[in-house]
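Structure data (compact mmCIF, C-alpha atoms) from data_2.txt:
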```
# COMPACT_ATOMS: atom_id res chain seq x y z
CA MET A 1 -254.65 -18.91 12.15
CA ASP A 2 -251.44 -18.05 14.03
CA PRO A 3 -251.07 -14.22 13.75
CA GLU A 4 -247.30 -14.64 13.67
CA ILE A 5 -247.56 -16.52 10.41
CA LYS A 6 -247.33 -14.07 7.50
CA PHE A 7 -247.09 -16.60 4.67
CA HIS A 8 -249.87 -18.98 3.75
CA PHE A 9 -249.52 -21.64 1.09
CA PHE A 10 -252.40 -23.76 -0.18
CA THR A 11 -252.70 -26.78 -2.40
CA PHE A 12 -255.68 -28.74 -3.69
CA LYS A 13 -256.17 -32.50 -3.76
CA TRP A 14 -259.48 -33.92 -4.85
CA GLY A 15 -260.38 -37.11 -6.61
CA ASP A 16 -257.80 -39.85 -7.00
CA LYS A 17 -255.37 -38.54 -9.59
CA TYR A 18 -252.71 -37.75 -6.98
CA GLY A 19 -251.96 -39.55 -3.71
CA PRO A 20 -251.07 -38.02 -0.32
CA GLU A 21 -247.36 -38.39 -1.09
CA TYR A 22 -247.76 -35.48 -3.49
CA VAL A 23 -249.04 -33.28 -0.65
CA ASN A 24 -246.43 -34.44 1.83
CA ARG A 25 -243.49 -33.97 -0.53
CA LEU A 26 -244.71 -30.55 -1.63
CA TYR A 27 -244.93 -29.49 2.00
CA ALA A 28 -241.47 -30.90 2.71
CA SER A 29 -240.00 -29.10 -0.29
CA LEU A 30 -241.24 -25.79 1.14
CA VAL A 31 -239.79 -26.63 4.55
CA LYS A 32 -236.46 -27.16 2.86
CA HIS A 33 -236.51 -24.23 0.43
CA CYS A 34 -238.61 -21.49 2.06
CA ASP A 35 -236.86 -19.73 4.95
CA VAL A 36 -239.82 -17.86 6.43
CA PRO A 37 -242.40 -19.27 8.85
CA PHE A 38 -245.43 -20.40 6.89
CA ALA A 39 -248.68 -22.30 7.11
CA PHE A 40 -249.45 -24.95 4.53
CA THR A 41 -253.05 -25.97 3.95
CA CYS A 42 -254.41 -28.72 1.74
CA VAL A 43 -257.94 -28.26 0.42
CA THR A 44 -259.06 -31.84 0.01
CA ASP A 45 -261.92 -34.30 -0.07
CA ASN A 46 -259.71 -37.04 1.43
CA SER A 47 -257.10 -36.28 4.08
CA ALA A 48 -255.95 -39.89 4.52
CA GLY A 49 -252.17 -40.18 4.55
CA ILE A 50 -251.48 -36.46 4.73
CA ARG A 51 -248.84 -35.59 7.33
CA PRO A 52 -250.12 -33.85 10.49
CA GLU A 53 -248.19 -30.59 9.97
CA VAL A 54 -250.42 -29.87 6.97
CA LEU A 55 -253.60 -27.94 7.78
CA LEU A 56 -256.80 -29.14 6.15
CA LEU A 57 -259.80 -27.47 4.53
CA ASP A 58 -262.82 -29.35 3.23
CA TYR A 59 -262.86 -29.23 -0.55
CA ASN A 60 -266.63 -29.60 -0.55
CA GLN A 61 -267.04 -26.40 1.47
CA ILE A 62 -264.72 -24.12 -0.48
CA GLY A 63 -266.28 -21.20 -2.35
CA PRO A 64 -269.84 -19.97 -2.89
CA ASP A 65 -272.69 -22.35 -3.71
CA SER A 66 -273.10 -20.59 -7.05
CA TRP A 67 -269.57 -21.61 -8.06
CA ARG A 68 -269.99 -25.20 -6.91
CA SER A 69 -273.18 -25.63 -8.93
CA TYR A 70 -271.21 -25.84 -12.19
CA GLY A 71 -269.54 -29.02 -13.48
CA GLN A 72 -265.81 -29.62 -13.72
CA ASP A 73 -265.94 -28.89 -17.45
CA LYS A 74 -266.47 -25.21 -16.67
CA ILE A 75 -263.38 -23.17 -15.68
CA PHE A 76 -261.67 -26.31 -14.40
CA THR A 77 -259.81 -25.59 -11.11
CA ARG A 78 -261.75 -22.35 -10.56
CA GLU A 79 -261.76 -23.32 -6.86
CA LYS A 80 -258.29 -21.85 -6.60
CA LEU A 81 -259.67 -18.34 -7.06
CA CYS A 82 -261.79 -18.74 -3.93
CA LEU A 83 -258.59 -18.50 -1.91
CA MET A 84 -258.40 -14.87 -3.01
CA ASP A 85 -261.59 -14.21 -1.08
CA LEU A 86 -260.25 -15.57 2.23
CA ASP A 87 -259.90 -12.88 4.88
CA ILE A 88 -256.32 -13.68 5.85
CA PRO A 89 -253.69 -10.91 6.01
CA GLY A 90 -250.21 -11.52 4.69
CA THR A 91 -248.77 -13.19 1.65
CA LYS A 92 -250.78 -16.04 0.19
CA GLY A 93 -250.44 -18.44 -2.67
CA TRP A 94 -251.32 -21.79 -4.07
CA ILE A 95 -249.08 -24.47 -5.49
CA ASP A 96 -250.41 -27.29 -7.63
CA LEU A 97 -249.48 -30.81 -6.62
CA ASP A 98 -247.78 -31.53 -9.94
CA VAL A 99 -245.07 -28.97 -9.19
CA LEU A 100 -241.51 -29.73 -8.11
CA ILE A 101 -239.76 -27.09 -6.02
CA ARG A 102 -236.08 -27.66 -6.69
CA THR A 103 -234.27 -24.94 -4.80
CA GLU A 104 -234.83 -21.89 -2.62
CA VAL A 105 -237.98 -19.92 -3.25
CA THR A 106 -237.79 -17.50 -0.33
CA SER A 107 -236.81 -14.61 -2.57
CA MET A 108 -239.78 -15.36 -4.82
CA VAL A 109 -242.45 -15.56 -2.15
CA THR A 110 -241.29 -12.61 0.00
CA ARG A 111 -241.80 -10.02 -2.72
CA ASP A 112 -244.07 -7.03 -2.25
CA PHE A 113 -246.67 -8.31 -4.70
CA LYS A 114 -248.70 -5.55 -6.36
CA LYS A 115 -250.65 -7.95 -8.57
CA PRO A 116 -251.42 -11.67 -8.32
CA THR A 117 -248.38 -13.33 -9.86
CA PHE A 118 -248.73 -16.29 -12.21
CA ILE A 119 -246.56 -18.38 -14.52
CA LEU A 120 -246.18 -17.31 -18.13
CA ASN A 121 -245.48 -20.19 -20.50
CA HIS A 122 -242.27 -18.69 -21.92
CA TRP A 123 -241.41 -22.09 -23.38
CA ASN A 124 -244.43 -21.93 -25.69
CA MET A 125 -244.44 -18.22 -26.49
CA LYS A 126 -241.26 -18.40 -28.54
CA LYS A 127 -242.59 -21.07 -30.85
CA GLU A 128 -243.66 -20.16 -34.36
CA ASN A 129 -247.33 -19.18 -34.56
CA SER A 130 -247.64 -19.14 -30.77
CA PHE A 131 -250.12 -16.24 -30.93
CA LYS A 132 -251.65 -17.10 -34.28
CA TRP A 133 -254.75 -18.73 -32.85
CA PHE A 134 -255.66 -16.19 -30.17
CA GLY A 135 -258.76 -15.16 -32.09
CA LYS A 136 -259.83 -18.77 -32.35
CA GLY A 137 -259.47 -19.28 -28.62
CA SER A 138 -256.86 -22.01 -28.97
CA ASP A 139 -253.79 -20.33 -27.50
CA CYS A 140 -253.01 -20.34 -23.79
CA HIS A 141 -249.79 -18.97 -22.36
CA VAL A 142 -250.82 -18.53 -18.72
CA ASN A 143 -250.31 -21.26 -16.13
CA SER A 144 -251.79 -21.16 -12.63
CA SER A 145 -249.67 -23.84 -10.95
CA PHE A 146 -247.68 -21.51 -8.68
CA VAL A 147 -249.43 -18.26 -7.77
CA MET A 148 -248.69 -15.69 -5.08
CA TRP A 149 -250.20 -12.42 -3.93
CA LYS A 150 -250.19 -10.20 -0.85
CA ASP A 151 -253.02 -9.06 1.37
CA ASP A 152 -256.01 -8.12 -0.80
CA VAL A 153 -254.31 -7.35 -4.13
CA ALA A 154 -256.05 -10.33 -5.70
CA GLN A 155 -259.52 -9.72 -4.26
CA TRP A 156 -260.58 -8.07 -7.52
CA LEU A 157 -260.02 -11.35 -9.39
CA PHE A 158 -262.45 -13.26 -7.20
CA ASP A 159 -264.94 -10.36 -7.37
CA TYR A 160 -264.66 -10.05 -11.17
CA THR A 161 -265.17 -13.78 -11.60
CA ASP A 162 -268.14 -13.80 -9.27
CA LYS A 163 -269.72 -10.80 -11.01
CA HIS A 164 -269.40 -12.34 -14.49
CA LEU A 165 -269.79 -15.94 -13.36
CA GLU A 166 -272.49 -17.09 -15.79
CA LYS A 167 -270.80 -15.63 -18.86
CA LEU A 168 -267.37 -16.87 -17.82
CA MET A 169 -268.57 -20.39 -17.07
CA PHE A 170 -270.20 -20.47 -20.49
CA THR A 171 -267.07 -19.28 -22.25
CA TYR A 172 -264.08 -20.99 -20.62
CA LYS A 173 -263.31 -24.64 -19.90
CA SER A 174 -260.17 -24.02 -17.89
CA LEU A 175 -258.92 -21.47 -15.39
CA ASP A 176 -255.75 -20.86 -17.35
CA LYS A 177 -257.65 -19.99 -20.52
CA TYR A 178 -259.94 -17.64 -18.61
CA LEU A 179 -256.95 -15.89 -17.08
CA TYR A 180 -255.18 -15.69 -20.41
CA TYR A 181 -258.05 -14.36 -22.50
CA GLN A 182 -259.48 -11.93 -19.97
CA HIS A 183 -256.66 -10.87 -17.68
CA TRP A 184 -253.35 -11.43 -19.48
CA ARG A 185 -254.88 -9.62 -22.44
CA THR A 186 -255.76 -6.64 -20.25
CA ASP A 187 -252.48 -6.59 -18.26
CA ARG A 188 -254.11 -7.22 -14.90
CA LEU A 189 -251.70 -9.99 -13.86
CA ALA A 190 -248.01 -10.19 -13.01
CA PHE A 191 -245.73 -13.08 -13.94
CA TRP A 192 -242.59 -14.74 -12.64
CA GLU A 193 -239.52 -13.79 -14.62
CA GLU A 194 -238.35 -16.10 -17.38
CA GLY A 195 -235.96 -18.76 -16.16
CA LEU A 196 -237.45 -19.29 -12.70
CA VAL A 197 -240.01 -21.85 -13.84
CA ASP A 198 -239.81 -24.45 -16.58
CA ASN A 199 -241.96 -27.30 -17.82
CA PHE A 200 -240.56 -30.82 -17.78
CA ASN A 201 -242.69 -31.92 -20.71
CA PHE A 202 -242.90 -28.75 -22.83
CA SER A 203 -239.73 -26.69 -22.37
CA ASP A 204 -237.37 -27.10 -25.29
CA PRO A 205 -235.61 -29.47 -25.11
CA PRO A 206 -237.91 -31.39 -22.75
CA HIS A 207 -236.95 -33.53 -19.75
CA ILE A 208 -233.61 -31.89 -19.00
CA GLN A 209 -232.44 -30.35 -15.72
CA ARG A 210 -231.89 -26.63 -16.42
CA LYS A 211 -229.60 -24.54 -14.25
CA GLY A 212 -231.19 -21.66 -12.38
CA VAL A 213 -234.70 -23.03 -12.54
CA ARG A 214 -236.39 -23.16 -9.15
CA ILE A 215 -239.72 -24.71 -10.03
CA THR A 216 -240.57 -27.36 -12.61
CA LEU A 217 -244.07 -28.18 -13.82
CA PHE A 218 -245.27 -31.66 -14.71
CA ASN A 219 -248.78 -31.03 -15.97
CA THR A 220 -250.08 -33.56 -18.49
CA SER A 221 -253.85 -33.20 -18.33
CA HIS A 222 -254.19 -31.03 -21.44
CA ILE A 223 -251.93 -33.43 -23.35
CA ILE A 224 -254.39 -36.21 -22.62
CA ILE A 225 -257.48 -34.06 -23.29
CA GLN A 226 -256.17 -32.80 -26.61
CA GLY A 227 -254.75 -36.17 -27.67
CA MET A 228 -251.31 -34.66 -28.24
CA ASP A 229 -248.53 -37.00 -29.37
CA ILE A 230 -245.96 -35.95 -26.76
CA GLU A 231 -243.75 -38.00 -24.46
CA ALA A 232 -244.96 -36.57 -21.17
CA TYR A 233 -244.55 -37.58 -17.54
CA GLU A 234 -246.18 -36.88 -14.22
CA LEU A 235 -243.80 -36.64 -11.28
CA HIS A 236 -244.46 -40.19 -10.13
CA GLU A 237 -243.71 -41.45 -13.65
CA THR A 238 -240.12 -40.11 -13.72
CA GLU A 239 -238.47 -43.28 -12.42
CA GLY A 240 -234.83 -43.28 -13.51
CA MET A 241 -234.94 -39.59 -14.44
CA TRP A 242 -233.61 -36.63 -12.46
CA PRO A 243 -236.93 -35.37 -10.96
CA MET A 244 -237.59 -38.59 -9.05
CA LYS A 245 -234.43 -38.14 -7.00
CA TYR A 246 -235.49 -34.65 -5.92
CA TRP A 247 -239.03 -35.71 -5.22
CA MET A 248 -238.20 -38.83 -3.20
CA HIS A 249 -235.58 -36.91 -1.23
CA TYR A 250 -238.37 -34.83 0.30
CA ASP A 251 -239.64 -37.89 2.16
CA LYS A 252 -236.70 -37.34 4.51
CA SER A 253 -237.56 -33.70 5.35
CA MET B 1 -266.34 -11.65 -51.42
CA THR B 2 -267.30 -14.93 -49.74
CA LYS B 3 -270.81 -16.35 -50.02
CA VAL B 4 -271.47 -15.46 -46.40
CA ASP B 5 -270.25 -11.88 -46.87
CA ALA B 6 -272.30 -11.53 -50.04
CA TRP B 7 -275.40 -12.73 -48.18
CA ILE B 8 -274.77 -10.29 -45.34
CA TYR B 9 -274.16 -7.43 -47.76
CA THR B 10 -277.44 -8.11 -49.54
CA GLN B 11 -279.45 -8.28 -46.32
CA VAL B 12 -277.98 -5.11 -44.87
CA THR B 13 -278.17 -2.97 -47.99
CA THR B 14 -281.66 -4.18 -48.86
CA PHE B 15 -283.51 -4.51 -45.56
CA SER B 16 -281.68 -2.87 -42.64
CA ASP B 17 -282.82 0.39 -41.02
CA ALA B 18 -279.54 0.77 -39.17
CA GLU B 19 -277.46 3.93 -39.29
CA THR B 20 -274.61 2.48 -37.26
CA ILE B 21 -273.02 -0.94 -37.60
CA ALA B 22 -270.79 -3.03 -35.35
CA ILE B 23 -268.83 -5.83 -37.02
CA VAL B 24 -267.72 -8.28 -34.31
CA GLY B 25 -264.91 -10.78 -34.86
CA PRO B 26 -263.96 -9.95 -38.46
CA ALA B 27 -260.48 -11.51 -38.05
CA GLY B 28 -258.68 -10.75 -41.32
CA LYS B 29 -261.82 -10.01 -43.33
CA ARG B 30 -262.34 -6.40 -44.45
CA ASN B 31 -264.77 -6.83 -47.38
CA LEU B 32 -267.90 -5.72 -45.59
CA TYR B 33 -266.22 -2.88 -43.72
CA ASP B 34 -264.73 -1.54 -46.94
CA GLU B 35 -268.13 -1.69 -48.63
CA PHE B 36 -270.21 -0.26 -45.79
CA ILE B 37 -267.99 2.77 -45.08
CA GLN B 38 -268.68 3.93 -48.62
CA ILE B 39 -272.45 3.91 -48.15
CA LYS B 40 -273.58 7.36 -46.98
CA SER B 41 -276.64 6.15 -45.07
CA PHE B 42 -274.33 4.38 -42.63
CA LYS B 43 -273.09 7.11 -40.30
CA GLU B 44 -270.72 4.83 -38.42
CA VAL B 45 -269.20 1.42 -39.06
CA ASN B 46 -266.93 -0.11 -36.41
CA MET B 47 -265.00 -3.36 -36.26
CA TYR B 48 -264.34 -5.09 -32.93
CA ASP B 49 -261.78 -7.83 -32.33
CA TYR B 50 -260.14 -8.63 -28.97
CA ASP B 51 -257.14 -10.42 -30.49
CA PRO B 52 -254.11 -8.26 -29.51
CA ALA B 53 -252.59 -8.99 -32.93
CA ARG B 54 -255.58 -7.26 -34.57
CA GLY B 55 -254.99 -4.17 -32.45
CA LYS B 56 -252.29 -3.07 -34.88
CA ASP B 57 -255.04 -2.34 -37.40
CA GLU B 58 -256.15 1.25 -36.75
CA ASN B 59 -259.66 0.40 -37.95
CA ILE B 60 -260.11 -2.28 -35.28
CA ILE B 61 -261.42 -1.48 -31.82
CA ASN B 62 -259.36 -3.95 -29.80
CA LYS B 63 -261.94 -4.85 -27.14
CA ASP B 64 -264.01 -7.82 -26.04
CA VAL B 65 -267.68 -6.93 -26.66
CA VAL B 66 -268.86 -9.34 -23.97
CA PHE B 67 -266.58 -8.32 -21.10
CA ASP B 68 -264.87 -4.99 -21.89
CA ILE B 69 -267.31 -2.54 -23.42
CA GLU B 70 -270.93 -1.86 -24.35
CA LEU B 71 -271.86 -1.69 -28.01
CA LYS B 72 -273.95 1.31 -29.07
CA GLU B 73 -274.56 0.47 -32.73
CA ASP B 74 -278.02 -0.22 -34.21
CA LEU B 75 -276.91 -3.33 -36.12
CA ILE B 76 -274.55 -5.94 -34.70
CA ILE B 77 -272.95 -8.34 -37.18
CA ASN B 78 -271.37 -11.16 -35.21
CA TYR B 79 -269.03 -13.37 -37.25
CA ALA B 80 -268.08 -15.57 -34.30
CA CYS B 81 -271.19 -16.73 -32.47
CA GLU B 82 -269.59 -20.12 -31.80
CA LYS B 83 -266.90 -18.45 -29.70
CA MET B 84 -268.85 -16.30 -27.28
CA TRP B 85 -271.76 -15.66 -24.97
CA PRO B 86 -274.79 -14.81 -27.13
CA LEU B 87 -274.75 -11.06 -27.70
CA GLY B 88 -278.54 -10.96 -27.85
CA LYS B 89 -278.57 -11.73 -24.11
CA ILE B 90 -276.65 -8.49 -23.51
CA TYR B 91 -277.97 -6.14 -26.18
CA LYS B 92 -281.70 -5.58 -26.67
CA ASP B 93 -283.73 -3.74 -29.32
CA ARG B 94 -280.99 -4.17 -31.90
CA GLU B 95 -280.75 -5.62 -35.36
CA PHE B 96 -278.54 -8.69 -35.53
CA ILE B 97 -276.81 -10.64 -38.24
CA LEU B 98 -275.60 -13.77 -36.52
CA VAL B 99 -273.02 -16.10 -38.05
CA GLY B 100 -271.87 -19.32 -36.39
CA ASP B 101 -270.45 -22.67 -37.37
CA ASN B 102 -270.62 -26.26 -36.17
CA GLU B 103 -267.01 -27.32 -36.67
CA ARG B 104 -266.28 -27.50 -32.92
CA HIS B 105 -262.79 -26.05 -32.90
CA ASN B 106 -260.72 -26.22 -29.74
CA GLY B 107 -261.63 -22.69 -28.67
CA ASP B 108 -265.35 -22.90 -29.43
CA CYS B 109 -267.50 -22.59 -26.32
CA ASN B 110 -270.75 -22.39 -28.26
CA PRO B 111 -270.81 -24.57 -31.40
CA ILE B 112 -273.78 -23.49 -33.52
CA THR B 113 -275.75 -26.43 -34.86
CA SER B 114 -278.81 -24.71 -36.35
CA ASN B 115 -280.42 -21.40 -37.17
CA ARG B 116 -283.00 -22.13 -34.48
CA MET B 117 -280.17 -22.21 -31.94
CA LEU B 118 -279.00 -18.74 -32.99
CA ILE B 119 -282.55 -17.42 -32.84
CA GLU B 120 -283.31 -18.87 -29.40
CA GLN B 121 -279.97 -18.00 -27.81
CA ASN B 122 -280.19 -14.38 -28.88
CA GLY B 123 -283.90 -13.89 -28.27
CA ILE B 124 -284.54 -12.94 -31.89
CA GLU B 125 -288.25 -12.06 -32.06
CA GLU B 126 -288.50 -10.90 -35.66
CA ILE B 127 -286.71 -13.13 -38.14
CA TRP B 128 -286.17 -11.39 -41.46
CA SER B 129 -284.04 -14.01 -43.21
CA PHE B 130 -281.80 -16.99 -42.61
CA ASN B 131 -279.53 -19.33 -44.56
CA GLU B 132 -276.87 -22.05 -44.38
CA PHE B 133 -273.52 -22.23 -46.15
CA THR B 134 -271.17 -25.18 -46.49
CA ARG B 135 -267.80 -24.91 -44.76
CA TRP B 136 -264.72 -27.09 -44.98
CA LYS B 137 -265.89 -29.58 -42.37
CA GLY B 138 -269.31 -28.28 -41.49
CA LYS B 139 -271.74 -25.44 -42.01
CA TYR B 140 -272.20 -21.76 -41.36
CA PHE B 141 -275.61 -20.90 -39.96
CA VAL B 142 -276.73 -17.30 -40.54
CA VAL B 143 -279.74 -15.36 -39.25
CA PHE B 144 -280.90 -11.76 -39.77
CA GLY B 145 -283.48 -10.30 -37.38
CA CYS B 146 -284.03 -8.20 -34.29
CA ASN B 147 -284.75 -8.70 -30.62
```
Target encoding structure tokens, full file:
Amino acid sequence: MDPEIKFHFFTFKWGDKYGPEYVNRLYASLVKHCDVPFAFTCVTDNSAGIRPEVLLLDYNQIGPDSWRSYGQDKIFTREKLCLMDLDIPGTKGWIDLDVLIRTEVTSMVTRDFKKPTFILNHWNMKKENSFKWFGKGSDCHVNSSFVMWKDDVAQWLFDYTDKHLEKLMFTYKSLDKYLYYQHWRTDRLAFWEEGLVDNFNFSDPPHIQRKGVRITLFNTSHIIIQGMDIEAYELHETEGMWPMKYWMHYDKS
Amino acid sequence: MTKVDAWIYTQVTTFSDAETIAIVGPAGKRNLYDEFIQIKSFKEVNMYDYDPARGKDENIINKDVVFDIELKEDLIINYACEKMWPLGKIYKDREFILVGDNERHNGDCNPITSNRMLIEQNGIEEIWSFNEFTRWKGKYFVVFGCN
């Protein structure tokens, strides 16, 4: 690692859900909208088509063996937490591939983070009964698509997860639910302020281009898993809609 | 009082040696708590629920009994076995009343499909009684014993 680099972004690409264009455009969006020198690393099982400026880590080597021994139906995307155990000084973060960075994020990522900072699903929390099913384990208002922290302020989260691994793997299917039920509940996490991040498919009204928003999420996996009747789009499915113009534009960066 | 609560009440007041009781995951139910706190042989009765909304109830200890704290009570009544790591793996030499259902709700990590499952998961070595009760879409399985 270049010691002059104080900002380290990571993303994950495994399996075939997303192609290399997702990685390349995410990297290009940071080049355009983040005004500090940074390194960008893709943790992947297939580096084909990824532009050469992007650093690579082998997905099959990330994290302890004990974590890798569980199936993908246990704390899905738990691999992200392993980044919190990397011995790299500076500001670090991960960005999911299904995220569109729309405008400058320098002021977001250069904060003096005291806690790992996640997305709170403000768009869902205002809905009627949004906390009604907490006790049943059905709610989830934390999203881990754009997460930042500084130095070792997030080390505890990796350590906690590792310490309670068996019980946590038994209890939670997704990373976001684990974070919500164990760490949002106990105020161990920080969150981006309302208005910085929205959700293309879930913010109300959906699919519009809101002013002031810097990051838009396009996650659809839980819609499919839960069989929800919602008109939802991944980034590459937004042909003829405003996100595609942004996204394609990053091919030129 | 529901059939399940009536069954629990009968077991506890007839057979239990406990002086202290933990009621885990009562949600909105207060029947058993209200009954037990009036029985002088029970020196302490506590309710535990980690739902922040339940924390407004001064009688609820707003903690997660798997991850936050260690239970001290002699008898643990767990209303929500389908939603958590089996408490019998954490707490030994206790009396347990275990209640779980097989309806497989979205948040259920541990759907309970039989009394045997409750017994094996929690290492129950002495089984004092067990039963089944019909639910809306499935069944409650209930076991009373100790490990």
Given a cut-off of 8 Å, which residues of chain B touch chain A, counting all atoms listed in the file, written out as a list in words? Ala27, Asp49, Tyr50, Asp51, Pro52, Ala53, Lys83, Met84, Trp85, His105, Asn106, Gly107, Asp108, Cys109 and Asn110 of chain B
Selection file, C-alpha atoms, as a PDB file, in the frame of the given file:
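Output (result16.pdb):
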```
ATOM      1  CA  ALA B  27    -260.480 -11.510 -38.050  1.00  0.00           C
ATOM      2  CA  ASP B  49    -261.780  -7.830 -32.330  1.00  0.00           C
ATOM      3  CA  TYR B  50    -260.140  -8.630 -28.970  1.00  0.00           C
ATOM      4  CA  ASP B  51    -257.140 -10.420 -30.490  1.00  0.00           C
ATOM      5  CA  PRO B  52    -254.110  -8.260 -29.510  1.00  0.00           C
ATOM      6  CA  ALA B  53    -252.590  -8.990 -32.930  1.00  0.00           C
ATOM      7  CA  LYS B  83    -266.900 -18.450 -29.700  1.00  0.00           C
ATOM      8  CA  MET B  84    -268.850 -16.300 -27.280  1.00  0.00           C
ATOM      9  CA  TRP B  85    -271.760 -15.660 -24.970  1.00  0.00           C
ATOM     10  CA  HIS B 105    -262.790 -26.050 -32.900  1.00  0.00           C
ATOM     11  CA  ASN B 106    -260.720 -26.220 -29.740  1.00  0.00           C
ATOM     12  CA  GLY B 107    -261.630 -22.690 -28.670  1.00  0.00           C
ATOM     13  CA  ASP B 108    -265.350 -22.900 -29.430  1.00  0.00           C
ATOM     14  CA  CYS B 109    -267.500 -22.590 -26.320  1.00  0.00           C
ATOM     15  CA  ASN B 110    -270.750 -22.390 -28.260  1.00  0.00           C
TER      16      ASN B 110
END
```
When you look at Phe158 of chain A with a cut-off of 12 Å (counting all atoms listed in the file), what residues show up, excluding the ones that are within fewer than 6 positions of it in the same chain? I need them as a CSV table (one decimal) with C-alpha atoms, keeping the file's coordinate frame.
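Once written, around_37.csv looks like this:
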```
chain,number,residue,atom,x,y,z
A,63,GLY,CA,-266.3,-21.2,-2.4
A,64,PRO,CA,-269.8,-20.0,-2.9
A,67,TRP,CA,-269.6,-21.6,-8.1
A,78,ARG,CA,-261.8,-22.4,-10.6
A,79,GLU,CA,-261.8,-23.3,-6.9
A,80,LYS,CA,-258.3,-21.8,-6.6
A,81,LEU,CA,-259.7,-18.3,-7.1
A,82,CYS,CA,-261.8,-18.7,-3.9
A,83,LEU,CA,-258.6,-18.5,-1.9
A,84,MET,CA,-258.4,-14.9,-3.0
A,85,ASP,CA,-261.6,-14.2,-1.1
A,86,LEU,CA,-260.2,-15.6,2.2
A,116,PRO,CA,-251.4,-11.7,-8.3
A,152,ASP,CA,-256.0,-8.1,-0.8
A,164,HIS,CA,-269.4,-12.3,-14.5
A,165,LEU,CA,-269.8,-15.9,-13.4
A,179,LEU,CA,-257.0,-15.9,-17.1
```
Nearest residue to Trp184 of chain A out of A:Thr117, A:Gln72, A:Thr91, A:Ser145, using only C-alpha atoms?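 Checking each of A:Thr117, A:Gln72, A:Thr91, A:Ser145 against Trp184 of chain A, counting only C-alpha atoms, the winner is A:Thr117.
Between Gly71 of chain A and the residues A:Arg210, A:Val142, A:Ser174, A:Lys17, the shortest atom-to-atom distance, using all atoms listed in the file, involves A:Ser174.
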Identify the residues around (-246.5, -21.8, -4.7) within a radius of 7 Å, measuring from only C-alpha atoms in the coordinates stated by the file, and give them as a list of chain:residue names. A:Phe9, A:Gly93, A:Trp94, A:Ile95, A:Phe146, A:Val147, A:Met148
For Lys139 of chain B, list every protein, DNA or RNA residue within 9 Å, evaluated using all atoms listed in the file, and leave out those in the same chain fewer than 5 positions away; present the list as a PyMOL selection string. chain B and resi 100-103+112-113+132-134
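For the atom pair formed by atom CA of Ser130 of chain A and atom CA of Arg54 of chain B, the distance is 14.8 Å, given to one decimal.
Atom pair atom CA of Asn129 of chain A / atom CA of Phe76 of chain A has a distance of 25.7 Å (rounded to one decimal).
Atom CA of Leu189 of chain A sits 26.9 Å away from atom CA of Met47 of chain B.
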Counting all atoms listed in the file, find the residues whose atoms lie at most 8 Å from (-247.2, -25.0, -25.8) (file coordinates) and write them out as a list in words.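 Final list of nearby residues, as requested, is Asn121, Trp123, Asn124, Met125, Lys127, Ser130, Cys140, His141 and Phe202 of chain A.
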What's the 10 Å shell around Asn147 of chain B, counting only C-alpha atoms, without same-chain residues fewer than 3 positions away, as a list in words?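 Using only C-alpha atoms, the neighbours found are Gly88, Lys89, Tyr91, Lys92, Asp93, Arg94, Glu95, Phe96, Ile119, Asn122, Gly123, Ile124, Glu125, Glu126 and Ile127 of chain B.
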Residue nearest Asp5 of chain B among B:Ile60, B:Val99, B:Ile39, B:Met117 (counting only C-alpha atoms):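 The answer is B:Val99, which sits nearest to Asp5 of chain B.
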Excluding same-chain residues fewer than 3 positions from Val24 of chain B, what lies within 9 Å of it counting all atoms listed in the file, as a ChimeraX atom specification? /B:27,46-49,65,76-80
So that I can see what lies close to segment 25-27 of chain A, please list as number ranges by chain the residues with an atom at most 12 Å from it, counting all atoms listed in the file and leaving out residues fewer than 6 positions away in the same chain. A: 8-13, 18-19, 33-34, 38-42, 49-55, 94-102, 146, 215, 235-236, 244-253
